[in-house]
Each structure stands twice: as structure tokens, then as C-alpha cells.
Amino acid sequence: MTTPPTAQGPVTVRMFTQRLSATPRGARLARHLALNQLDAWGVPHGSDPSDAVAVIVAELAANAVTHGRVPGRDFELRLALVTGSVRVEVTDTRAEPRPPAPGDVRTPRPLDEGGRGLLLVDALADRWEVVDREPPPGKTVRAEVDLPRWLSLVQGVGDGPG
């Protein structure tokens, strides 16, 4: 006896990639592009996942511009809808300094001028990590934000550019 096939529609992988100048303007543009792409995928502006991704992209892009900048080289923003979440990746071409790993981020002293960006990423992302850039040199900071209704997003609802 054979089991009848289940009615499953194809799952479409959604990915967006953009190289941006390693400047403050490029970092701002990364945030705007991310929000517009999420909205096109059906994750509306102002929703909790959209707001979390906006802050994560802003912080990671600012870090890429501030700490990962190599003159004449861009940084890359990549967004993907993966099983149950949206993945954010920001890649730069500078191998050092390497940001601390999750769990190793220290809380800055009250009068420190910086050092809060990865604390925000740690608080808002459901998972995050730092990996080597492929191909070297460089590094990628990857963060994921869970999406409660991700299956409806990948099965054709919110088809848009990207």
C-alpha cells in the first residue's frame, strides 16, 4: 500500500543582497533597503520583527563602516527568509578587529561613548554569530529574528521584487 502524496506547495527561497559604500550614508541606506525588502516580503513596517531587523541592520552596518572599513572596499548586506526567521548578514573585508562572540559582549560603563551596538543585537536577535568571510579576508556578523508566520511569507504571499 502506498501513501498518497501530501499537498505541499513549493517553498521559495527569498534572498536580497546589496553591496554598499562603507560610509555613514551606506549604513543608513542599508537600514532603509532592509525595511523596504521586508515589507515587500510581507513583513510590514512597524511590526516587531521589522523593528528588530531595522535596529540590527543599523548597528551591524554602522559597525562595518566604523570598525570594518577598508578604503576602497564596500560592505555587503544580505537578507534571507529562512525556516522560521529572517536572517541578516553584514559582511566587511577587514579581518581584524573581530567583534566579540555572543555571550562575550561586555556592558559598557555609563560614560563610555560606544559599545552598545552589539548589546542591542544580542537583545533583539534570537540568534547571532560572527563567522569568517568567504572568500577571505573579512568577517560576517549573522543574526536571525524569528517570524511567527514565516510559512505564509514563503508560499507566495507578499511576492515582490528581490
# chains A, B, ... in the order shown; residues from 1 in each chain; ligands from 1
>>> residues_around(residues="segment 58-67 of chain A", least_positions_apart="6", cutoff="7 Å", atoms="only C-alpha atoms", output="JSON list (two decimals) with C-alpha atoms, in the first residue's frame")
[["chain", "number", "residue", "atom", "x", "y", "z"],
["A", 22, "ALA", "CA", 31.48, 51.84, 3.63],
["A", 23, "THR", "CA", 30.24, 55.30, 4.62],
["A", 24, "PRO", "CA", 27.62, 56.59, 7.06],
["A", 27, "ALA", "CA", 24.90, 52.38, 6.57],
["A", 28, "ARG", "CA", 21.70, 54.47, 6.53],
["A", 30, "ALA", "CA", 21.26, 49.54, 4.35],
["A", 31, "ARG", "CA", 18.59, 50.09, 7.01],
["A", 75, "PHE", "CA", 30.37, 46.17, 2.81],
["A", 90, "VAL", "CA", 26.55, 42.15, 7.21],
["A", 92, "ASP", "CA", 33.05, 43.60, 5.64],
["A", 117, "GLY", "CA", 25.56, 48.20, 19.36]]
>>> select_by_dssp(residues="segment 3-157 of chain A", states="helix (DSSP H, G or I)", output="JSON, numbers by chain")
{"A": [24, 25, 26, 27, 28, 29, 30, 31, 32, 33, 34, 35, 36, 37, 38, 39, 40, 48, 49, 50, 51, 52, 53, 54, 55, 56, 57, 58, 59, 60, 61, 62, 63, 64, 65, 66, 117, 118, 119, 120, 121, 122, 123, 124, 150, 151, 152, 153, 154]}
>>> closest_atom_pairs(of="segment 19-111 of chain A", to="segment 137-153 of chain A", cutoff="6 Å", atoms="only C-alpha atoms", output="Markdown table")
| residue | atom | partner | partner_atom | distance |
| --- | --- | --- | --- | --- |
| A:Gly84 | CA | A:Trp150 | CA | 5.3 |
| A:Ser85 | CA | A:Asp146 | CA | 4.0 |
| A:Val86 | CA | A:Val145 | CA | 5.5 |
| A:Arg87 | CA | A:Glu144 | CA | 4.4 |
| A:Val88 | CA | A:Ala143 | CA | 5.2 |
| A:Glu89 | CA | A:Arg142 | CA | 4.4 |
| A:Val90 | CA | A:Val141 | CA | 5.5 |
| A:Thr91 | CA | A:Thr140 | CA | 4.2 |
| A:Asp92 | CA | A:Gly138 | CA | 5.5 |
| A:Thr93 | CA | A:Gly138 | CA | 3.9 |
| A:Arg94 | CA | A:Gly138 | CA | 4.4 |
| A:Ala95 | CA | A:Gly138 | CA | 4.1 |
>>> write_last_selection(atoms="C-alpha atoms", output="PDB file, in the first residue's frame")
ATOM      1  CA  GLY A  84      11.035  30.341  10.683  1.00  0.00           C
ATOM      2  CA  SER A  85      13.034  33.554  10.602  1.00  0.00           C
ATOM      3  CA  VAL A  86      14.661  36.366   8.687  1.00  0.00           C
ATOM      4  CA  ARG A  87      18.451  36.204   8.557  1.00  0.00           C
ATOM      5  CA  VAL A  88      20.529  39.384   8.424  1.00  0.00           C
ATOM      6  CA  GLU A  89      24.166  39.219   7.363  1.00  0.00           C
ATOM      7  CA  VAL A  90      26.553  42.149   7.212  1.00  0.00           C
ATOM      8  CA  THR A  91      29.969  41.407   5.756  1.00  0.00           C
ATOM      9  CA  ASP A  92      33.051  43.599   5.638  1.00  0.00           C
ATOM     10  CA  THR A  93      36.520  42.942   4.239  1.00  0.00           C
ATOM     11  CA  ARG A  94      38.597  43.705   7.336  1.00  0.00           C
ATOM     12  CA  ALA A  95      39.613  40.614   9.293  1.00  0.00           C
TER      13      ALA A  95
END
>>> atom_distance(atom1="atom CA of Arg14 of chain A", atom2="atom CA of Leu81 of chain A")
5.3 Å
>>> closest_residue(among="A:Arg116, A:Thr107, A:Ala125, A:Ala54", to="Asp39 of chain A", atoms="only C-alpha atoms")
A:Ala54
>>> atom_distance(atom1="atom CA of Asn36 of chain A", atom2="atom CA of Trp128 of chain A")
22.2 Å
